[in-house]
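Structure below is protein.txt: compact mmCIF, C-alpha atoms and all ligand atoms.
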```txt
# COMPACT_ATOMS: atom_id res chain seq x y z
CA MET A 1 -187.48 -94.70 60.28
CA VAL A 2 -190.18 -97.35 59.91
CA GLU A 3 -187.41 -99.74 58.72
CA ARG A 4 -185.44 -99.06 61.89
CA ALA A 5 -188.54 -99.56 64.06
CA MET A 6 -189.27 -102.84 62.30
CA ALA A 7 -185.73 -104.05 62.96
CA LEU A 8 -186.11 -103.16 66.66
CA GLY A 9 -189.47 -104.93 66.71
CA ARG A 10 -187.94 -108.08 65.26
CA GLU A 11 -185.22 -107.96 67.88
CA ALA A 12 -187.79 -107.49 70.63
CA GLU A 13 -189.76 -110.45 69.28
CA SER A 14 -186.75 -112.78 69.33
CA MET A 15 -185.94 -111.70 72.91
CA ILE A 16 -189.60 -112.24 73.91
CA ARG A 17 -189.38 -115.78 72.47
CA ALA A 18 -186.10 -116.48 74.32
CA LEU A 19 -187.59 -115.38 77.66
CA ALA A 20 -190.81 -117.29 77.04
CA LEU A 21 -188.84 -120.54 76.79
CA ILE A 22 -187.88 -120.16 80.45
CA SER A 23 -190.81 -121.77 82.21
CA ALA A 24 -191.65 -124.27 84.93
CA GLU A 25 -193.93 -126.17 82.53
CA GLU A 26 -193.10 -127.34 79.07
CA GLY A 27 -195.48 -125.95 76.47
CA HIS A 28 -196.85 -123.33 78.92
CA LEU A 29 -195.32 -120.19 80.35
CA THR A 30 -195.21 -120.12 84.15
CA ARG A 31 -192.36 -118.23 85.77
CA LEU A 32 -192.89 -117.45 89.43
CA TYR A 33 -190.88 -115.26 91.80
CA LEU A 34 -187.68 -116.72 93.31
CA THR A 35 -187.91 -120.00 91.44
CA PRO A 36 -185.15 -121.61 89.34
CA GLU A 37 -186.95 -120.18 86.27
CA HIS A 38 -186.77 -116.70 87.75
CA ARG A 39 -183.01 -117.21 88.20
CA LEU A 40 -182.57 -118.27 84.55
CA ALA A 41 -184.65 -115.36 83.27
CA ALA A 42 -182.75 -112.90 85.47
CA ASP A 43 -179.45 -114.28 84.14
CA LEU A 44 -180.59 -113.83 80.55
CA VAL A 45 -181.70 -110.27 81.26
CA ARG A 46 -178.35 -109.59 82.97
CA ARG A 47 -176.56 -110.78 79.83
CA TRP A 48 -178.70 -108.57 77.57
CA MET A 49 -178.12 -105.55 79.80
CA ALA A 50 -174.35 -106.10 79.81
CA GLU A 51 -174.33 -106.52 76.01
CA ALA A 52 -176.26 -103.24 75.71
CA GLY A 53 -173.47 -101.48 77.61
CA LEU A 54 -175.07 -101.24 81.06
CA ASP A 55 -173.44 -101.95 84.44
CA VAL A 56 -175.44 -104.79 85.92
CA SER A 57 -176.25 -105.48 89.56
CA GLU A 58 -178.96 -107.22 91.52
CA ASP A 59 -180.53 -106.21 94.81
CA ALA A 60 -181.61 -108.26 97.81
CA LEU A 61 -185.08 -108.95 96.37
CA GLY A 62 -183.68 -110.09 93.02
CA THR A 63 -184.42 -106.96 90.97
CA VAL A 64 -181.91 -106.81 88.13
CA ARG A 65 -180.59 -103.31 87.53
CA GLY A 66 -178.75 -102.18 84.40
CA ARG A 67 -177.16 -98.80 84.96
CA LEU A 68 -176.00 -96.14 82.55
CA ALA A 69 -174.02 -93.47 84.39
CA PRO A 70 -174.68 -89.81 83.53
CA GLU A 71 -172.16 -87.96 81.39
CA SER A 72 -169.37 -86.71 83.61
CA GLY A 73 -170.02 -83.26 84.94
CA GLY A 74 -173.65 -83.64 83.82
CA ARG A 75 -175.89 -80.99 85.29
CA ASN A 76 -178.09 -83.64 86.88
CA SER A 77 -175.36 -86.06 87.77
CA VAL A 78 -177.11 -87.73 90.71
CA GLN A 79 -180.50 -87.86 89.01
CA ARG A 80 -181.68 -91.02 87.33
CA LEU A 81 -184.50 -91.92 84.99
CA LEU A 82 -185.82 -95.39 85.88
CA ILE A 83 -187.26 -97.63 83.16
CA GLY A 84 -188.73 -100.92 84.32
CA SER A 85 -191.15 -103.77 84.22
CA HIS A 86 -191.29 -107.37 85.50
CA ILE A 87 -190.05 -110.81 84.49
CA ASP A 88 -192.40 -112.95 86.60
CA THR A 89 -195.60 -114.26 85.00
CA VAL A 90 -199.01 -115.55 85.96
CA ILE A 91 -199.67 -119.29 85.66
CA ASP A 92 -200.03 -120.29 81.99
CA ALA A 93 -199.18 -116.77 80.90
CA GLY A 94 -198.70 -114.89 77.67
CA ALA A 95 -195.20 -113.93 76.60
CA TYR A 96 -195.47 -110.12 76.53
CA ASP A 97 -196.84 -109.02 79.93
CA GLY A 98 -193.86 -107.52 81.77
CA ALA A 99 -191.22 -109.04 79.51
CA LEU A 100 -191.82 -106.49 76.76
CA GLY A 101 -191.26 -103.56 79.14
CA VAL A 102 -187.91 -104.93 80.29
CA ILE A 103 -186.78 -105.80 76.76
CA ALA A 104 -187.91 -102.44 75.35
CA GLY A 105 -186.03 -100.65 78.13
CA ILE A 106 -182.82 -102.53 77.31
CA LEU A 107 -183.15 -101.99 73.55
CA ALA A 108 -184.04 -98.31 73.90
CA VAL A 109 -181.13 -97.55 76.21
CA ARG A 110 -178.77 -99.53 73.97
CA GLU A 111 -179.80 -97.33 71.03
CA VAL A 112 -179.41 -94.18 73.13
CA ILE A 113 -175.88 -95.28 74.12
CA LYS A 114 -175.00 -95.96 70.47
CA LYS A 115 -176.18 -92.52 69.42
CA HIS A 116 -175.29 -90.30 72.35
CA GLY A 117 -172.96 -92.25 74.61
CA ARG A 118 -174.22 -90.92 77.91
CA MET A 119 -177.03 -88.55 78.77
CA PRO A 120 -176.97 -85.62 81.25
CA PHE A 121 -178.93 -87.86 83.64
CA GLY A 122 -178.32 -91.47 84.66
CA ILE A 123 -180.61 -94.27 83.48
CA ASP A 124 -181.46 -97.49 85.32
CA VAL A 125 -183.30 -100.31 83.56
CA LEU A 126 -185.05 -102.46 86.18
CA ALA A 127 -186.33 -106.01 85.84
CA PHE A 128 -188.59 -106.63 88.83
CA GLY A 129 -189.33 -110.18 89.97
CA ASP A 130 -192.73 -109.97 91.62
CA GLU A 131 -195.43 -107.97 89.94
CA GLU A 132 -198.02 -110.70 89.49
CA GLY A 133 -198.22 -112.03 93.06
CA SER A 134 -198.73 -115.52 91.62
CA ARG A 135 -196.49 -117.31 94.10
CA PHE A 136 -196.82 -115.26 97.31
CA PRO A 137 -200.02 -113.59 98.53
CA ALA A 138 -198.26 -110.24 98.23
CA THR A 139 -197.15 -108.37 95.18
CA LEU A 140 -194.96 -105.46 94.02
CA LEU A 141 -192.43 -106.53 96.64
CA CYS A 142 -189.43 -105.67 94.43
CA SER A 143 -190.76 -102.29 93.37
CA GLN A 144 -191.74 -101.43 96.95
CA ALA A 145 -188.14 -102.12 97.97
CA VAL A 146 -186.60 -99.80 95.38
CA ALA A 147 -189.07 -97.12 96.51
CA GLY A 148 -187.95 -97.67 100.12
CA ARG A 149 -191.45 -98.90 101.00
CA PHE A 150 -190.84 -102.62 101.62
CA ASP A 151 -192.76 -103.83 104.67
CA PRO A 152 -190.59 -106.32 106.63
CA ALA A 153 -193.81 -108.11 107.71
CA SER A 154 -194.01 -109.37 104.11
CA LEU A 155 -191.04 -111.65 104.82
CA GLN A 156 -193.40 -113.89 106.75
CA VAL A 157 -195.95 -114.45 103.96
CA GLU A 158 -196.18 -118.00 102.70
CA SER A 159 -196.16 -119.06 99.08
CA VAL A 160 -198.68 -121.36 97.42
CA ASP A 161 -196.07 -124.10 97.85
CA GLY A 162 -195.75 -123.42 101.62
CA VAL A 163 -192.43 -121.52 101.64
CA LYS A 164 -191.96 -118.32 103.63
CA LEU A 165 -190.75 -115.36 101.56
CA GLU A 166 -187.76 -115.00 103.88
CA ASP A 167 -186.70 -118.62 103.27
CA ALA A 168 -187.32 -118.36 99.53
CA LEU A 169 -185.07 -115.30 99.40
CA ARG A 170 -182.29 -117.10 101.23
CA ALA A 171 -182.64 -120.12 98.94
CA TYR A 172 -182.31 -117.67 96.01
CA GLY A 173 -179.00 -116.53 97.53
CA LYS A 174 -180.24 -113.26 99.02
CA ASP A 175 -179.86 -111.74 102.47
CA PRO A 176 -183.10 -110.10 103.70
CA ALA A 177 -181.03 -107.80 105.92
CA GLU A 178 -179.80 -106.13 102.70
CA ILE A 179 -183.29 -105.13 101.51
CA PRO A 180 -183.09 -101.50 102.74
CA ALA A 181 -180.04 -101.00 100.46
CA ALA A 182 -182.28 -101.62 97.41
CA ALA A 183 -183.92 -98.20 97.93
CA TYR A 184 -182.89 -95.13 95.96
CA GLU A 185 -181.58 -92.12 97.82
CA PRO A 186 -184.10 -89.29 98.19
CA GLY A 187 -184.11 -87.20 95.00
CA GLU A 188 -182.02 -89.72 93.06
CA ALA A 189 -184.89 -91.23 91.06
CA VAL A 190 -186.50 -88.34 89.15
CA ALA A 191 -189.04 -90.43 87.26
CA TYR A 192 -190.09 -94.00 86.57
CA VAL A 193 -191.48 -94.99 83.19
CA GLU A 194 -192.78 -98.32 81.97
CA LEU A 195 -193.80 -99.64 78.60
CA HIS A 196 -196.42 -102.40 78.81
CA ILE A 197 -198.94 -104.15 76.62
CA GLU A 198 -202.38 -102.62 77.14
CA GLN A 199 -204.03 -105.89 78.24
CA GLY A 200 -207.34 -104.45 77.07
CA PRO A 201 -209.05 -103.63 73.74
CA VAL A 202 -209.05 -99.81 73.64
CA LEU A 203 -206.03 -99.21 71.38
CA GLU A 204 -207.04 -101.96 68.98
CA GLN A 205 -210.52 -100.50 68.66
CA ALA A 206 -209.06 -97.06 68.02
CA ASP A 207 -206.64 -98.52 65.47
CA GLU A 208 -203.65 -97.09 67.35
CA ALA A 209 -200.40 -98.88 68.18
CA LEU A 210 -199.56 -96.78 71.25
CA GLY A 211 -201.37 -94.92 74.00
CA VAL A 212 -200.53 -92.79 77.02
CA VAL A 213 -201.63 -94.04 80.43
CA THR A 214 -203.38 -91.51 82.64
CA ALA A 215 -203.52 -93.50 85.91
CA ILE A 216 -203.24 -97.00 87.33
CA ALA A 217 -206.32 -98.36 89.08
CA SER A 218 -206.65 -98.84 92.81
CA GLN A 219 -206.46 -102.52 93.71
CA SER A 220 -206.80 -104.87 96.68
CA ARG A 221 -206.68 -108.62 97.02
CA HIS A 222 -208.28 -110.65 99.77
CA SER A 223 -208.47 -114.19 101.01
CA VAL A 224 -211.93 -115.34 102.16
CA THR A 225 -212.44 -118.48 104.24
CA VAL A 226 -215.85 -120.08 104.73
CA VAL A 227 -216.22 -122.92 107.22
CA GLY A 228 -219.34 -125.08 107.33
CA GLU A 229 -219.70 -128.74 108.20
CA ALA A 230 -218.77 -131.86 106.24
CA GLY A 231 -221.51 -134.44 105.94
CA HIS A 232 -222.86 -137.34 103.92
CA ALA A 233 -224.04 -136.19 100.48
CA GLY A 234 -226.76 -138.81 100.52
CA THR A 235 -228.24 -138.48 103.99
CA VAL A 236 -228.21 -134.85 105.17
CA PRO A 237 -231.40 -133.05 104.04
CA MET A 238 -230.84 -129.77 102.21
CA ASN A 239 -232.32 -127.60 104.95
CA LEU A 240 -229.98 -129.07 107.57
CA ARG A 241 -226.76 -128.57 105.66
CA ARG A 242 -224.01 -126.05 106.40
CA ASP A 243 -222.47 -126.21 102.95
CA ALA A 244 -219.40 -123.96 102.70
CA LEU A 245 -219.40 -124.01 98.88
CA ALA A 246 -223.05 -122.97 98.57
CA ALA A 247 -222.25 -120.00 100.83
CA ALA A 248 -219.16 -119.18 98.78
CA ALA A 249 -221.25 -119.32 95.60
CA GLU A 250 -223.62 -116.73 97.05
CA VAL A 251 -220.62 -114.55 97.87
CA ALA A 252 -219.36 -114.96 94.28
CA LEU A 253 -222.63 -113.52 92.95
CA ALA A 254 -222.50 -110.67 95.47
CA VAL A 255 -218.97 -109.88 94.27
CA GLU A 256 -220.18 -109.74 90.67
CA THR A 257 -223.17 -107.56 91.53
CA LEU A 258 -220.99 -105.19 93.52
CA ALA A 259 -218.71 -104.50 90.55
CA GLN A 260 -221.64 -104.16 88.15
CA ARG A 261 -223.23 -101.55 90.40
CA ASN A 262 -219.99 -99.52 90.41
CA ALA A 263 -219.25 -99.74 86.71
CA ASP A 264 -219.11 -95.93 86.49
CA ASP A 265 -215.82 -96.10 88.45
CA PHE A 266 -214.53 -98.92 86.21
CA MET A 267 -214.86 -101.30 89.16
CA VAL A 268 -214.04 -104.93 88.41
CA ALA A 269 -214.04 -107.85 90.84
CA THR A 270 -212.76 -111.37 90.35
CA ILE A 271 -212.66 -114.62 92.25
CA GLY A 272 -209.71 -116.19 90.48
CA LYS A 273 -208.76 -118.95 92.86
CA LEU A 274 -210.88 -121.26 95.00
CA SER A 275 -210.15 -124.46 96.88
CA LEU A 276 -212.53 -126.63 98.82
CA SER A 277 -212.15 -129.46 101.25
CA PRO A 278 -212.48 -132.25 101.94
CA GLY A 279 -213.05 -132.36 98.15
CA ALA A 280 -214.93 -135.57 97.47
CA SER A 281 -218.02 -136.02 95.30
CA ASN A 282 -220.06 -137.59 98.12
CA VAL A 283 -219.07 -135.20 100.93
CA ILE A 284 -220.68 -131.81 101.67
CA PRO A 285 -217.89 -129.17 101.46
CA ALA A 286 -216.74 -128.11 104.93
CA ARG A 287 -214.24 -125.43 104.07
CA VAL A 288 -213.75 -123.14 101.09
CA VAL A 289 -210.94 -120.65 100.68
CA PHE A 290 -211.03 -118.19 97.78
CA THR A 291 -209.53 -114.93 96.62
CA VAL A 292 -211.30 -111.66 95.82
CA ASP A 293 -209.44 -109.21 93.56
CA LEU A 294 -211.15 -105.81 93.54
CA ARG A 295 -210.18 -102.80 91.42
CA SER A 296 -211.56 -99.34 90.86
CA GLN A 297 -210.32 -96.02 89.54
CA THR A 298 -210.55 -94.40 92.96
CA ASP A 299 -209.38 -95.62 96.35
CA ALA A 300 -212.47 -94.27 98.12
CA ARG A 301 -214.91 -96.23 95.94
CA ARG A 302 -212.87 -99.41 96.30
CA ILE A 303 -212.68 -99.11 100.09
CA GLU A 304 -216.40 -98.34 100.33
CA ALA A 305 -217.16 -101.37 98.13
CA MET A 306 -214.98 -103.65 100.20
CA ASN A 307 -216.69 -102.53 103.39
CA TRP A 308 -220.05 -103.38 101.82
CA LEU A 309 -218.76 -106.79 100.70
CA ARG A 310 -217.41 -107.59 104.16
CA GLU A 311 -220.86 -106.94 105.68
CA GLU A 312 -222.53 -108.94 102.93
CA ILE A 313 -220.24 -111.93 103.49
CA LEU A 314 -221.02 -111.91 107.22
CA ALA A 315 -224.76 -111.66 106.50
CA ILE A 316 -224.59 -114.62 104.07
CA ALA A 317 -222.61 -116.60 106.66
CA ARG A 318 -225.16 -115.87 109.39
CA ARG A 319 -228.07 -116.87 107.18
CA ARG A 320 -226.40 -120.12 106.16
CA ARG A 321 -225.02 -120.92 109.64
CA VAL A 322 -221.42 -121.04 108.48
CA THR A 323 -218.44 -119.04 109.69
CA ALA A 324 -216.60 -116.69 107.35
CA TRP A 325 -213.70 -114.31 107.61
CA ILE A 326 -211.81 -112.13 105.20
CA GLU A 327 -208.17 -111.05 105.18
CA ARG A 328 -206.56 -108.44 102.96
CA THR A 329 -203.39 -109.79 101.33
CA HIS A 330 -202.47 -106.88 99.06
CA GLU A 331 -203.38 -103.26 98.49
CA ALA A 332 -202.08 -100.78 95.92
CA VAL A 333 -203.45 -97.27 95.80
CA ALA A 334 -204.61 -95.62 92.58
CA ARG A 335 -201.61 -93.94 91.01
CA PRO A 336 -202.04 -91.04 88.59
CA CYS A 337 -199.39 -90.70 85.90
CA ASP A 338 -197.42 -87.48 85.97
CA PRO A 339 -198.80 -84.86 83.52
CA ALA A 340 -195.32 -83.93 82.27
CA LEU A 341 -194.44 -87.58 81.60
CA GLN A 342 -197.80 -88.07 79.87
CA ALA A 343 -197.03 -85.04 77.71
CA GLY A 344 -193.59 -86.49 76.92
CA PHE A 345 -195.09 -89.77 75.70
CA ALA A 346 -197.90 -87.99 73.83
CA THR A 347 -195.38 -85.86 71.92
CA THR A 348 -193.36 -88.93 71.03
CA ILE A 349 -196.43 -90.81 69.79
CA GLY A 350 -197.55 -87.76 67.82
CA ARG A 351 -194.20 -87.72 66.00
CA HIS A 352 -194.58 -91.33 64.97
CA GLY A 353 -198.24 -91.63 64.12
CA GLY A 354 -199.14 -88.08 63.18
CA LYS A 355 -202.46 -88.19 65.07
CA SER A 356 -202.88 -86.92 68.62
CA ALA A 357 -202.20 -89.63 71.17
CA ILE A 358 -204.93 -91.62 72.89
CA HIS A 359 -205.00 -91.32 76.68
CA LEU A 360 -206.40 -94.22 78.72
CA PRO A 361 -206.40 -95.52 82.30
CA SER A 362 -204.90 -98.87 83.31
CA GLY A 363 -207.13 -101.39 85.04
CA ALA A 364 -204.16 -103.72 85.44
CA GLY A 365 -201.70 -103.23 88.28
CA HIS A 366 -198.10 -102.29 87.53
CA ASP A 367 -194.84 -101.74 89.39
CA GLY A 368 -195.32 -98.00 88.92
CA GLN A 369 -197.97 -98.16 91.64
CA ALA A 370 -195.25 -98.92 94.17
CA VAL A 371 -192.49 -96.80 92.61
CA GLY A 372 -194.95 -93.89 92.45
CA ALA A 373 -194.62 -93.51 96.22
CA MET A 374 -191.06 -92.28 95.54
CA CYS A 375 -191.15 -90.34 92.25
CA PRO A 376 -193.45 -89.34 89.36
CA ILE A 377 -194.41 -92.19 87.05
CA GLY A 378 -195.44 -92.49 83.43
CA MET A 379 -196.58 -95.39 81.27
CA LEU A 380 -196.77 -96.11 77.57
CA PHE A 381 -199.24 -98.77 76.42
CA VAL A 382 -198.81 -100.93 73.33
CA ARG A 383 -201.74 -102.51 71.52
CA CYS A 384 -202.26 -106.24 72.02
CA ARG A 385 -204.48 -108.44 69.88
CA GLY A 386 -208.07 -108.71 71.05
CA GLY A 387 -207.08 -107.05 74.32
CA ILE A 388 -206.20 -110.56 75.51
CA SER A 389 -203.73 -110.94 78.37
CA HIS A 390 -202.97 -113.34 81.24
CA ASN A 391 -203.58 -115.94 78.59
CA PRO A 392 -201.20 -117.83 76.28
CA ALA A 393 -202.97 -116.17 73.32
CA GLU A 394 -201.49 -112.78 74.30
CA PHE A 395 -199.95 -111.19 71.18
CA THR A 396 -198.38 -107.92 70.10
CA SER A 397 -197.08 -107.48 66.57
CA VAL A 398 -193.46 -106.91 65.61
CA ARG A 399 -194.44 -103.56 64.10
CA ASP A 400 -196.16 -102.33 67.26
CA MET A 401 -193.26 -103.44 69.43
CA GLY A 402 -190.85 -101.66 67.10
CA LEU A 403 -192.91 -98.45 67.26
CA ALA A 404 -193.00 -98.75 71.04
CA VAL A 405 -189.22 -99.14 71.37
CA ALA A 406 -188.72 -96.23 68.92
CA ALA A 407 -191.09 -94.12 71.04
CA MET A 408 -189.17 -95.01 74.18
CA ILE A 409 -185.90 -93.95 72.51
CA LYS A 410 -187.44 -90.59 71.55
CA PHE A 411 -188.85 -90.20 75.04
CA ILE A 412 -185.41 -90.72 76.61
CA GLU A 413 -183.80 -88.32 74.14
CA GLY A 414 -186.37 -85.64 75.00
CA PHE A 415 -186.32 -86.28 78.75
CA ASP A 416 -185.22 -83.36 80.88
CA PRO A 417 -185.47 -83.71 84.67
CA ALA A 418 -185.46 -79.94 85.10
CA ARG A 419 -188.42 -79.51 82.74
CA LEU A 420 -190.26 -82.29 84.54
CA GLY A 421 -189.89 -80.41 87.84
CA ARG A 422 -191.05 -77.13 86.27
CA LEU A 423 -194.09 -78.70 84.68
CA ARG A 424 -195.01 -80.44 87.90
CA ARG A 425 -194.69 -77.26 89.92
CA ALA A 426 -196.87 -75.47 87.39
CA ASP A 427 -199.46 -78.20 87.83
CA ASP A 428 -199.45 -78.28 91.65
C1 LIG A 501 -201.10 -107.61 87.20
O1 LIG A 501 -201.00 -108.12 86.09
C2 LIG A 501 -202.41 -107.41 87.72
O2 LIG A 501 -203.01 -108.39 88.17
O3 LIG A 501 -202.92 -106.30 87.62
MN MN A 502 -197.59 -106.78 83.91
MN MN A 503 -199.86 -109.37 84.54
```

As structure tokens, how would this structure be written, given the file I've shared?
Amino acid sequence: MVERAMALGREAESMIRALALISAEEGHLTRLYLTPEHRLAADLVRRWMAEAGLDVSEDALGTVRGRLAPESGGRNSVQRLLIGSHIDTVIDAGAYDGALGVIAGILAVREVIKKHGRMPFGIDVLAFGDEEGSRFPATLLCSQAVAGRFDPASLQVESVDGVKLEDALRAYGKDPAEIPAAAYEPGEAVAYVELHIEQGPVLEQADEALGVVTAIASQSRHSVTVVGEAGHAGTVPMNLRRDALAAAAEVALAVETLAQRNADDFMVATIGKLSLSPGASNVIPARVVFTVDLRSQTDARRIEAMNWLREEILAIARRRRVTAWIERTHEAVARPCDPALQAGFATTIGRHGGKSAIHLPSGAGHDGQAVGAMCPIGMLFVRCRGGISHNPAEFTSVRDMGLAVAAMIKFIEGFDPARLGRLRRADD
């Protein structure tokens, strides 16, 4: 069994390497939504899905779908288990975030086909194109569409390179009018599961390869603009300045303090992007635009914190005689993982490792947050070295990937939509 898992892990590793070569920058991995690199990666994934025995299609937002039909006359013939993750990356990314979930889904279903042919339920493997939100100030667009929750207003958002989503879609060969057809029919998708690297240190510290996710954190992203006044760096006395960067710096510390004060709800806050203008060493900054990414385990705490921050930003602006405003660019609610799906993954892990499975929350966002508006979701985490992610040093071992794919195979083999419904009703 361990031999078989190792072989699957080696296969996963070579597929990870092949995908990681598809990048906008040589020597670094950057693969943004609806770019030529996205196209190449989607084509490679399409090929892998077809080789695994899946029927491949692509929807109007570029999500690649590999479908295994249910066995004919199957009791649950219109019900599908969805397995997905994403093929876009952050800028200068690691190779495993998202990619591993897609690859593991393909490998697991391929093995299930080899062993069983079809299952009583259908299976779709999904490769989403926009989980990171690194190109457009919106994210989970693809997964919102499959859940029938795509907001047409998103078509107007502009990318970092000044392209409207609508135009980028057309340039990618897609028709935005077809987006509603990406959604599953009510009742068709019975569950969505995703395998993902942990992106944190908990599993490594516990010396466990795999863990069961209990919930995905609540998250919102914002754009803050501070406008002061440009001036001569040599002549304007400090007390007469309206320095937009100094104001932004005070906001940055308020953001940090806010998260520290709410640590009991696992709140984290990050300013990951900042630009200032005019941007010269001898000119006082007149305008600063920066992002605030805020996450917490509960929606209420996050919303309360954001309200406090909004007031604080306005107070800082008043004190410093600058103008400031804040716009929300993305929001994903906290999404608990379904107890029956958690139990399914825990049983599978138990079979492999012997010990009882670790349960842990996810601070990172995932497509399941959007898909969870349509059907129950579950996630399986895989250990990654040092808990490092969104960093080229991201690493998961061949062995751990093999165990993860083997666990996904067992999960699919043990999956029963009827049991899922019963367990959920018992829990309601
Ligand atoms: C996705 O990786 C996120 O930022 O949570
Ligand atoms: Mn991810
Ligand atoms: Mn990520």

Inset, instruction - Pick out the closest residue to ligand LIG 501 (chain A) from this set: A:Ala404, A:Ile412, A:Ile216, A:Met267. Count all atoms listed in the file. - result: A:Ile216

Inset, instruction - Have a look at A:Ser57, A:Asn239, A:Gln342, A:Thr257 and name the one nearest to Val213 in chain A; count only C-alpha atoms. - result: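 Of all the options, A:Gln342 lies closest to Val213 in chain A.
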
Legend entry - Within 8 Å of ligand MN 503 (chain A) (only C-alpha atoms and all ligand atoms), residues as an MDAnalysis selection string: chainID A and resid 89:90 97:98 131:132 364:366 389:390

Inset, instruction - Collect all residues with atoms no farther than 12 Å from ligand LIG 501 (chain A), counting only C-alpha atoms and all ligand atoms, and output them as an NGL selection string. - result: :A and (85-91 or 93-94 or 96-99 or 130-134 or 137-140 or 196-200 or 216-221 or 268-270 or 272 or 292-296 or 330-332 or 334 or 362-369 or 389-391)

Legend entry - Nearby residues, (-188.0, -115.7, 87.9) file frame, 12 Å, all atoms listed in the file, as an NGL selection string: :A and (19-20 or 22-24 or 29-45 or 61-64 or 86-90 or 98-99 or 127-132 or 134-135 or 168-169 or 172)

Inset, instruction - Tell me which protein, DNA and RNA residues are within 7 Å of range 262-266 of chain A, counting all atoms listed in the file, leaving out same-chain ones fewer than 3 positions away, and put them as a PyMOL selection string. - result: chain A and resi 258-259+296-297

Inset, instruction - Find the residue from A:Met119, A:Val227, A:Met379, A:Leu314 that sits nearest to ligand MN 502 (chain A); use only C-alpha atoms and all ligand atoms when measuring. - result: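 Among the listed residues, A:Met379 lies closest to ligand MN 502 (chain A).
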
Legend entry - Residue with smallest distance to Tyr192 in chain A - pool A:Gly162, A:Gly53, A:Gly84, A:Gly27, counting only C-alpha atoms: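 When distances to Tyr192 in chain A are compared using only C-alpha atoms, the smallest one comes from A:Gly84.
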
Legend entry - CA of Ala7 in chain A to CA of Ile113 in chain A, distance in Å rounded to a single decimal: 17.3 Å

Legend entry - Given all atoms listed in the file as the counted atoms, nearest of A:Glu304, A:Asp175, A:Glu158, A:Glu327 to Thr225 in chain A: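 The shortest atom-to-atom distance to Thr225 in chain A comes from A:Glu327.
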
Legend entry - Nearest to Ala305 in chain A, chosen from A:Arg149, A:Arg320, A:Arg261, A:Arg328, with only C-alpha atoms counted in the distances: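 The answer is A:Arg261, which sits nearest to Ala305 in chain A.
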
Inset, instruction - Give me, please, the distance in Å between CA of Gly9 in chain A and CA of Arg80 in chain A, quoted to one decimal. - result: 26.1 Å

Inset, instruction - Step by step: start from the point (-198.8, -99.5, 57.2) in the file's coordinates, keep every protein, DNA or RNA residue that has an atom no farther than 12 Å from it, count only C-alpha atoms, and write the set as number ranges by chain. - result: A: 2-3, 6, 207-209, 353, 399-400, 403

Would you compute an axis-aligned box for range 301-311 of chain A, covering every atom listed for it in the file with 4 Å of margin on each side, and report centre and edge lengths in Å to one decimal as JSON?
```
{"center_x": -216.8, "center_y": -101.9, "center_z": 100.8, "size_x": 16.2, "size_y": 19.4, "size_z": 17.7}
```

When you look at Ala230 in chain A with a cut-off of 10 Å (counting only C-alpha atoms), what residues show up, excluding the ones that are within fewer than 4 positions of it in the same chain? I need them as a PDB file with C-alpha atoms, in the frame of the given file.
```
ATOM      1  CA  VAL A 236    -228.210-134.850 105.170  1.00  0.00           C
ATOM      2  CA  ARG A 241    -226.760-128.570 105.660  1.00  0.00           C
ATOM      3  CA  ARG A 242    -224.010-126.050 106.400  1.00  0.00           C
ATOM      4  CA  ASP A 243    -222.470-126.210 102.950  1.00  0.00           C
ATOM      5  CA  ALA A 244    -219.400-123.960 102.700  1.00  0.00           C
ATOM      6  CA  SER A 277    -212.150-129.460 101.250  1.00  0.00           C
ATOM      7  CA  PRO A 278    -212.480-132.250 101.940  1.00  0.00           C
ATOM      8  CA  GLY A 279    -213.050-132.360  98.150  1.00  0.00           C
ATOM      9  CA  VAL A 283    -219.070-135.200 100.930  1.00  0.00           C
ATOM     10  CA  ILE A 284    -220.680-131.810 101.670  1.00  0.00           C
ATOM     11  CA  PRO A 285    -217.890-129.170 101.460  1.00  0.00           C
ATOM     12  CA  ALA A 286    -216.740-128.110 104.930  1.00  0.00           C
ATOM     13  CA  ARG A 287    -214.240-125.430 104.070  1.00  0.00           C
TER      14      ARG A 287
END
```
